[in-house]
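Trainee: This is the structure I have questions about; it appears just below.
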Amino acid sequence: MIIVLRSGTTPQDVEAVTERLKQLGFGVHISQGVERTIIGAIGDERTVNLEEKIGVLPCVEKVIPILAPYKLTSREFRPTETIVSVGSVEIGPGRCTVMAGPCAVESEKQVRETAIRVKEAGAHIFRGGAFKPRTSPYSFQGLGEEGLRLLVKVREETGMPIVTEALGIEELPLVAEYADMVQVGARNMQNFRLLEAVGKLRKPILLKRGMMSTVEELLMSAEYILSQGNYQVVLCERGIRTFEPSTRNTLDLSCIPLVKKQSHLPIVVDPSHGTGRADLVEPMSLAALASGADGLLIEVHPNPVEALSDGPQSLNPGQFAVLMRLLRDMAHLVGRVM
Ligand code: PEP
Ligand code: MN
C-alpha cells in the first residue's frame, strides 16, 4: 500500500502515520520528495483495511493499494488455471463446456425432451431452475423439490450432470442433495451468508456475476467461497445493467480476458440472460468463446413461445444444434476441445 501525504505535512505528521502503521503490524518505507512525502506500508494489506484506518488521518491525501483485495482467487496465489469437475465433465483450460437447458423446470415432458435434444447436439451439463428468482411474486416460481427430482431423472436417463440454483440458505441442503453443481444466481452474488454456506459444501459452484457488480466484486464473492475451503468455483458473466435498453443486459465480454489475467478460476458466459434475445445468442456465444471463455450457459426450450419463463431468450433445440456446430468450428480455431 502506498500512502501519499498532503503538501505541507510536518515531521510530526509523518511520525504519526509511521506509528499507526507500526501499531497495525506494517513495516514502513518513507520517501521524502521535494513537494510530497510518500510512505510505503510493507505487509499484507488484504487483512487490514488501511484505506479506512490510515485514510482518515488528516495529513493523508490518498491511500493506493498495490495488491488486489482478494487472495485465494488471484493468479498470484495459484498461477495455473483451475479445472473444475462436475461429475465426469471438466470445466477449465483447453475445453469448451456447454451447459444447456430450460430457464425453469416446468414438467417431466419438457425437461426430458430438452435434455435428449441438447445431449444429442453435444451439450455436456444440463441446466434448469427448480427454484426461480422472479421479479414478480405472481410469476411462476418453479416446481421446487419436484423440479429437483425431475432433474435427477434427466441425469439418470442421459448421464448429463445437472446444475441448478439455490435461492437461499434454507433450501441449500436440499438443492445440494440433488444437484451436481449448485448455482448462485446474479441476485445472490453478494448474499454473503449463502456464499459462506456454499463454501462449506464439497460440490462445484457456478457463481453468476451480479447485474450491478464490478469484476472486483465478483472476485471478492468468489473469495468468500474459496475462503471456506471450496476451490471448485466457476465464474459466469451474464450481462450487467447499463443505460442501453435494446438488450436485457449488456454482455461484458471484455471481462473474460480480464478475469483470466487476475484469477485462476474458470469463467463461462451466459449470452441468454446477457442479451435477453434468442437472435443474439449465437453471435455472442461465438464471441464469448473467441474471447477466451471456458464454456457457455445457454437456455433451450422445446417451444420457447410457451415457456413459463425467459421464452424470448431461449433457443429451440434445432437452433441449439446449429449453434453447437458453429461452436465446434470456433473451438477448433481457438484450440479448445468440445
Ligand atoms: C438463471 O440462470 O436461471 C438465472 C436466473 O440467471 P441470473 O441469476 O443470471 O439472472
Ligand atoms: Mn432464465
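Just so we're on the same page: first chain in the C-alpha cells is A, next is B, and so on; residues restart at 1 for each chain, and ligands are numbered from 1 in the order they show up.
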Set the cut-off to 12 Å, count only C-alpha atoms and all ligand atoms, and list whatever residues fall near ligand 2 as a PyMOL selection string.

Mentor: chain A and resi 100-105+127-135+140-142+164-165+185-186+238+248+270-278+297-301+304+307-315

Trainee: Need the shell around range 56-67 of chain A: protein/DNA/RNA residues with any atom at most 8 Å away, counting only C-alpha atoms. Skip same-chain ones fewer than 3 positions apart. Format as a list in words?

Mentor: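 Those residues are Met1, Ile2, Ile3, Val4, Leu5, Arg6, Thr9, Asp13, Val17, Glu45, Arg46, Leu50, Glu51, Glu52 and Lys53 of chain A.
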
Trainee: Identify which of the residues A:Phe26, A:Tyr178, A:Phe126, A:Tyr138 lies closest to ligand 1, counting only C-alpha atoms and all ligand atoms when measuring atom-to-atom distances.

Mentor: A:Phe126

Trainee: List as a list in words the protein and nucleic acid residues near range 279-296 of chain A, meaning an atom at most 6 Å away when only C-alpha atoms are counted, but skip any in the same chain fewer than 4 places from it.

Mentor: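 Close residues of range 279-296 of chain A: Gly92, Cys96, Thr97, Val98, Ile267, Val268, Val269, Asp270, Pro271, Ser272 and Leu323 of chain A.
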
Trainee: I'd like the contact shell of Pro173 in chain A - 10 Å cut-off, only C-alpha atoms, skipping same-chain residues fewer than 4 positions apart - returned as a PyMOL selection string.

Mentor: chain A and resi 166+168-169+177-178+197-198+201
